[in-house]
Amino acid sequence: MSSMVQIKQADEMQAWALARRLDGARIGLVPTMGYLHAGHLSLVAEARKRADVVVVSIFVNPVQFGPNEDFEKYPRDEARDLEQCERAGASAVFFPSVATMYAPDASVFVTEERLSAGLCGARRPGHFRGVCTVVAKLFNLAQPHVAVFGQKDYQQAAIIRRMVRDLNFPIEIVVAPIVREPDGLAMSSRNVYLSADERQRALGLSRALQAAAACVEQGGAPAADVRARMVEVIEAHALQLDYAEIVDAESLEPVAEARRGNVALVAAQCGRTRLIDNQIL
Ligand code: PAF
């Protein structure tokens, strides 16, 4: 008999969270867009270490998709997700509808203005505004003490930390390591879009990051040289480069000299699928 609670309504979510807080429980939140894989489950495991009860939210957030992006075809499998959450030991799953999350005339949004300027923010206008808005709403609904995000979305995690700092959310943000397939491909719900040939070519992202890490193994290297090496690897895999950058881990500003502790980030189009990956050097 399952003890995992399934919640669809915003007021029910808040009431559940408030009751847990009155019980003295520490609440962990894992925000997701569903179609869960081992990467998401590692976030749930991390949250369970740090909280008494864990809420997984499953919501494909329309506000973070651009007009020509994959909101409609984003993979969804509610029954499988619920089963996986249960097996992972989640206490509650919050899976609201779009109408529950956004009033038709919603007019308040959260914008981060510095860290979101480059990288994915520059290529996906409005994306991080959508992410910050929905994450702020999920924080208000699930009332977590701690929230766990994946390093796979490095820029997103940095922006959420900044939002929590600048808007004084009393929430600890934990960023869990990227979970990779045995051959190095970072796990992503979007990997399901890849054909067999694209799946092979997609390895260009993690290999480009490995090449960047190799460049700084013996000390610093000009970032332009490291970048050129990443571009070479990506193009050798017949991927269409979106960006390859070496940035400061905190400010996300491009560096001139690549050093250990900097972050290498790549984004590329593989057929019709846009993939991202990163590595702390
Ligand atoms: O990383 C994601 O899956 C989403 O951007 C998030 C944080 C759940 C917000 O919709």
# chains A, B, ... in the order shown; residues from 1 in each chain; ligands from 1

call {"tool": "residues_around", "arguments": {"residues": "segment 265-281 of chain A", "least_positions_apart": "5", "cutoff": "6 Å", "atoms": "only C-alpha atoms", "output": "mmCIF file with N, CA and C atoms, in the first residue's frame"}}
result
data_model
loop_
_atom_site.group_PDB
_atom_site.id
_atom_site.type_symbol
_atom_site.label_atom_id
_atom_site.label_comp_id
_atom_site.auth_asym_id
_atom_site.auth_seq_id
_atom_site.Cartn_x
_atom_site.Cartn_y
_atom_site.Cartn_z
ATOM 1 N N ALA A 213 38.966 19.525 -20.434
ATOM 2 C CA ALA A 213 39.569 19.182 -19.135
ATOM 3 C C ALA A 213 41.022 18.766 -19.328
ATOM 4 N N LEU A 239 27.992 17.738 -35.337
ATOM 5 C CA LEU A 239 26.978 18.461 -34.558
ATOM 6 C C LEU A 239 27.042 19.917 -34.976
ATOM 7 N N GLN A 240 25.913 20.598 -34.859
ATOM 8 C CA GLN A 240 25.897 22.019 -35.193
ATOM 9 C C GLN A 240 26.112 22.812 -33.908
ATOM 10 N N LEU A 241 27.271 23.473 -33.832
ATOM 11 C CA LEU A 241 27.651 24.168 -32.605
ATOM 12 C C LEU A 241 26.680 25.303 -32.278
ATOM 13 N N ASP A 242 26.269 25.355 -31.036
ATOM 14 C CA ASP A 242 25.503 26.505 -30.557
ATOM 15 C C ASP A 242 26.471 27.381 -29.763
ATOM 16 N N TYR A 243 27.064 26.847 -28.699
ATOM 17 C CA TYR A 243 28.155 27.550 -28.033
ATOM 18 C C TYR A 243 29.100 26.559 -27.367
ATOM 19 N N ALA A 244 30.333 27.019 -27.181
ATOM 20 C CA ALA A 244 31.339 26.297 -26.389
ATOM 21 C C ALA A 244 32.071 27.402 -25.645
ATOM 22 N N GLU A 245 31.994 27.402 -24.320
ATOM 23 C CA GLU A 245 32.563 28.514 -23.540
ATOM 24 C C GLU A 245 33.278 27.997 -22.306
ATOM 25 N N ARG A 260 41.705 25.318 -13.630
ATOM 26 C CA ARG A 260 40.884 24.404 -12.831
ATOM 27 C C ARG A 260 39.878 25.212 -12.024
#

call {"tool": "residues_near_ligand", "arguments": {"ligand": "ligand 1", "cutoff": "6 Å", "atoms": "only C-alpha atoms and all ligand atoms", "output": "MDAnalysis selection string"}}
result
chainID A and resid 31:33 61 131 135

call {"tool": "write_last_selection", "arguments": {"atoms": "N, CA, C and O atoms", "output": "short mmCIF file (atom, residue, chain, number, x, y, z; two decimals), in the first residue's frame"}}
result
data_model
loop_
_atom_site.label_atom_id
_atom_site.label_comp_id
_atom_site.auth_asym_id
_atom_site.auth_seq_id
_atom_site.Cartn_x
_atom_site.Cartn_y
_atom_site.Cartn_z
N PRO A 31 12.32 19.85 -8.17
CA PRO A 31 11.49 20.30 -9.30
C PRO A 31 11.91 19.59 -10.60
O PRO A 31 13.09 19.54 -10.90
N THR A 32 10.95 19.05 -11.33
CA THR A 32 11.27 18.39 -12.60
C THR A 32 10.18 18.72 -13.64
O THR A 32 9.11 19.21 -13.29
N MET A 33 10.50 18.37 -14.87
CA MET A 33 9.46 18.46 -15.91
C MET A 33 9.03 17.04 -16.31
O MET A 33 8.43 16.85 -17.38
N ASN A 61 6.63 23.28 -17.95
CA ASN A 61 6.30 24.70 -17.73
C ASN A 61 6.27 25.47 -19.06
O ASN A 61 7.32 25.78 -19.60
N VAL A 131 11.82 29.93 -16.07
CA VAL A 131 12.34 29.02 -15.05
C VAL A 131 12.24 29.68 -13.67
O VAL A 131 11.73 29.07 -12.71
N VAL A 135 9.94 28.28 -10.63
CA VAL A 135 10.63 27.78 -9.43
C VAL A 135 10.21 28.60 -8.21
O VAL A 135 9.97 28.05 -7.14
#

call {"tool": "closest_residue", "arguments": {"among": "A:Val174, A:Ala196, A:Cys120, A:Leu29", "to": "Asp52 of chain A", "atoms": "only C-alpha atoms"}}
result
A:Leu29

call {"tool": "residues_around", "arguments": {"residues": "Asp77 of chain A", "least_positions_apart": "4", "cutoff": "10 Å", "atoms": "only C-alpha atoms", "output": "list in words"}}
result
Gly34, Tyr35, Leu36, Asp81 and Leu82 of chain A

call {"tool": "select_by_dssp", "arguments": {"residues": "segment 37-207 of chain A", "states": "strand (DSSP E or B)", "output": "number ranges by chain"}}
result
A: 53-58, 92-94, 146-150, 172-176, 180, 186

call {"tool": "write_last_selection", "arguments": {"atoms": "all heavy atoms", "output": "short mmCIF file (atom, residue, chain, number, x, y, z; two decimals), in the first residue's frame"}}
result
data_model
loop_
_atom_site.label_atom_id
_atom_site.label_comp_id
_atom_site.auth_asym_id
_atom_site.auth_seq_id
_atom_site.Cartn_x
_atom_site.Cartn_y
_atom_site.Cartn_z
N VAL A 53 10.88 14.62 4.47
CA VAL A 53 9.89 14.30 3.43
C VAL A 53 10.33 14.97 2.13
O VAL A 53 10.89 16.07 2.16
CB VAL A 53 8.46 14.77 3.82
CG1 VAL A 53 7.92 13.95 4.98
CG2 VAL A 53 8.42 16.25 4.13
N VAL A 54 10.08 14.30 1.01
CA VAL A 54 10.52 14.84 -0.28
C VAL A 54 9.33 14.98 -1.23
O VAL A 54 8.56 14.03 -1.42
CB VAL A 54 11.61 13.93 -0.91
CG1 VAL A 54 11.93 14.37 -2.33
CG2 VAL A 54 12.87 13.94 -0.05
N VAL A 55 9.20 16.17 -1.79
CA VAL A 55 8.18 16.43 -2.81
C VAL A 55 8.89 16.47 -4.16
O VAL A 55 9.88 17.18 -4.32
CB VAL A 55 7.51 17.81 -2.61
CG1 VAL A 55 6.44 18.05 -3.67
CG2 VAL A 55 6.95 17.95 -1.21
N VAL A 56 8.36 15.72 -5.13
CA VAL A 56 8.84 15.84 -6.52
C VAL A 56 7.76 16.58 -7.28
O VAL A 56 6.59 16.16 -7.25
CB VAL A 56 9.08 14.46 -7.17
CG1 VAL A 56 9.53 14.61 -8.62
CG2 VAL A 56 10.10 13.64 -6.37
N SER A 57 8.11 17.69 -7.93
CA SER A 57 7.11 18.35 -8.77
C SER A 57 7.35 17.94 -10.22
O SER A 57 8.50 17.82 -10.66
CB SER A 57 7.15 19.87 -8.61
OG SER A 57 8.37 20.37 -9.07
N ILE A 58 6.25 17.70 -10.91
CA ILE A 58 6.31 17.30 -12.32
C ILE A 58 5.43 18.28 -13.08
O ILE A 58 4.20 18.26 -12.94
CB ILE A 58 5.80 15.86 -12.50
CG1 ILE A 58 6.72 14.88 -11.74
CG2 ILE A 58 5.72 15.49 -13.98
CD1 ILE A 58 6.27 13.44 -11.79
N ALA A 92 5.63 12.86 -1.66
CA ALA A 92 4.52 13.47 -2.40
C ALA A 92 4.97 13.82 -3.81
O ALA A 92 6.14 14.14 -4.04
CB ALA A 92 4.05 14.74 -1.69
N VAL A 93 4.02 13.73 -4.74
CA VAL A 93 4.27 14.20 -6.10
C VAL A 93 3.26 15.30 -6.38
O VAL A 93 2.06 15.12 -6.15
CB VAL A 93 4.12 13.08 -7.14
CG1 VAL A 93 4.23 13.62 -8.55
CG2 VAL A 93 5.19 12.03 -6.94
N PHE A 94 3.78 16.44 -6.84
CA PHE A 94 2.90 17.56 -7.18
C PHE A 94 2.89 17.66 -8.70
O PHE A 94 3.94 17.93 -9.30
CB PHE A 94 3.45 18.84 -6.54
CG PHE A 94 2.66 20.08 -6.87
CD1 PHE A 94 1.28 20.11 -6.74
CD2 PHE A 94 3.31 21.23 -7.30
CE1 PHE A 94 0.55 21.27 -7.04
CE2 PHE A 94 2.59 22.39 -7.60
CZ PHE A 94 1.21 22.40 -7.46
N VAL A 146 14.88 22.67 1.68
CA VAL A 146 16.01 22.42 0.78
C VAL A 146 15.45 22.02 -0.60
O VAL A 146 14.42 21.33 -0.67
CB VAL A 146 16.93 21.31 1.37
CG1 VAL A 146 16.19 20.04 1.69
CG2 VAL A 146 18.11 21.01 0.45
N ALA A 147 16.08 22.50 -1.66
CA ALA A 147 15.65 22.12 -3.02
C ALA A 147 16.88 21.63 -3.78
O ALA A 147 17.97 22.19 -3.63
CB ALA A 147 15.03 23.31 -3.74
N VAL A 148 16.70 20.57 -4.55
CA VAL A 148 17.83 19.94 -5.23
C VAL A 148 17.66 20.08 -6.75
O VAL A 148 16.61 19.74 -7.30
CB VAL A 148 17.97 18.45 -4.85
CG1 VAL A 148 19.22 17.85 -5.48
CG2 VAL A 148 18.01 18.28 -3.33
N PHE A 149 18.71 20.59 -7.39
CA PHE A 149 18.74 20.76 -8.85
C PHE A 149 19.95 20.00 -9.41
O PHE A 149 20.88 19.69 -8.67
CB PHE A 149 18.86 22.25 -9.21
CG PHE A 149 17.65 23.05 -8.79
CD1 PHE A 149 17.53 23.55 -7.50
CD2 PHE A 149 16.61 23.26 -9.68
CE1 PHE A 149 16.41 24.26 -7.10
CE2 PHE A 149 15.47 23.97 -9.28
CZ PHE A 149 15.38 24.47 -8.00
N GLY A 150 19.94 19.74 -10.71
CA GLY A 150 21.03 19.00 -11.33
C GLY A 150 22.08 19.94 -11.93
O GLY A 150 21.73 20.98 -12.50
N GLU A 172 17.72 26.17 1.24
CA GLU A 172 19.07 25.72 0.88
C GLU A 172 19.00 25.12 -0.53
O GLU A 172 18.12 24.30 -0.81
CB GLU A 172 19.51 24.66 1.90
CG GLU A 172 20.90 24.12 1.64
CD GLU A 172 21.20 22.83 2.43
OE1 GLU A 172 20.36 22.44 3.28
OE2 GLU A 172 22.24 22.22 2.18
N ILE A 173 19.91 25.57 -1.39
CA ILE A 173 19.94 25.02 -2.75
C ILE A 173 21.11 24.05 -2.87
O ILE A 173 22.26 24.40 -2.56
CB ILE A 173 20.10 26.14 -3.80
CG1 ILE A 173 18.93 27.14 -3.70
CG2 ILE A 173 20.21 25.57 -5.22
CD1 ILE A 173 17.55 26.56 -3.96
N VAL A 174 20.81 22.84 -3.30
CA VAL A 174 21.85 21.81 -3.47
C VAL A 174 21.91 21.48 -4.96
O VAL A 174 20.87 21.34 -5.61
CB VAL A 174 21.47 20.55 -2.66
CG1 VAL A 174 22.43 19.41 -2.95
CG2 VAL A 174 21.45 20.88 -1.17
N VAL A 175 23.14 21.40 -5.47
CA VAL A 175 23.31 21.05 -6.89
C VAL A 175 24.00 19.69 -6.95
O VAL A 175 25.12 19.53 -6.45
CB VAL A 175 24.11 22.13 -7.64
CG1 VAL A 175 24.28 21.75 -9.11
CG2 VAL A 175 23.40 23.48 -7.52
N ALA A 176 23.32 18.72 -7.53
CA ALA A 176 23.83 17.34 -7.56
C ALA A 176 24.55 17.08 -8.89
O ALA A 176 24.18 17.66 -9.92
CB ALA A 176 22.68 16.37 -7.38
N ARG A 180 25.63 10.31 -16.00
CA ARG A 180 25.94 10.03 -17.40
C ARG A 180 25.65 8.58 -17.76
O ARG A 180 25.70 7.70 -16.89
CB ARG A 180 27.43 10.33 -17.68
CG ARG A 180 27.76 11.79 -17.47
CD ARG A 180 29.22 12.11 -17.80
NE ARG A 180 29.43 13.54 -17.58
CZ ARG A 180 29.09 14.49 -18.45
NH1 ARG A 180 28.57 14.15 -19.62
NH2 ARG A 180 29.27 15.77 -18.17
N ALA A 186 25.42 12.77 -21.16
CA ALA A 186 24.68 13.24 -19.98
C ALA A 186 23.22 12.83 -20.12
O ALA A 186 22.62 13.00 -21.20
CB ALA A 186 24.80 14.75 -19.88
#

call {"tool": "atom_distance", "arguments": {"atom1": "atom CA of Val108 of chain A", "atom2": "atom CA of Thr133 of chain A"}}
result
8.3 Å

call {"tool": "closest_residue", "arguments": {"among": "A:Ala38, A:Ala264, A:Ala236, A:Ala258", "to": "Ser188 of chain A", "atoms": "only C-alpha atoms"}}
result
A:Ala38

call {"tool": "closest_residue", "arguments": {"among": "A:Leu203, A:Met163, A:Val233, A:Ala17", "to": "Asn140 of chain A", "atoms": "only C-alpha atoms"}}
result
A:Ala17

call {"tool": "closest_residue", "arguments": {"among": "A:Ala45, A:Ile171, A:Cys85, A:Ala223", "to": "Val5 of chain A", "atoms": "only C-alpha atoms"}}
result
A:Cys85

call {"tool": "select_by_dssp", "arguments": {"residues": "segment 21-171 of chain A", "states": "helix (DSSP H, G or I)", "output": "MDAnalysis selection string"}}
result
chainID A and resid 21:22 38:50 62:64 78:88 98:101 119:123 127:142 151:166

call {"tool": "closest_residue", "arguments": {"among": "A:Ser91, A:Gln6, A:Ser206, A:Ser107", "to": "Ala79 of chain A", "atoms": "only C-alpha atoms"}}
result
A:Gln6
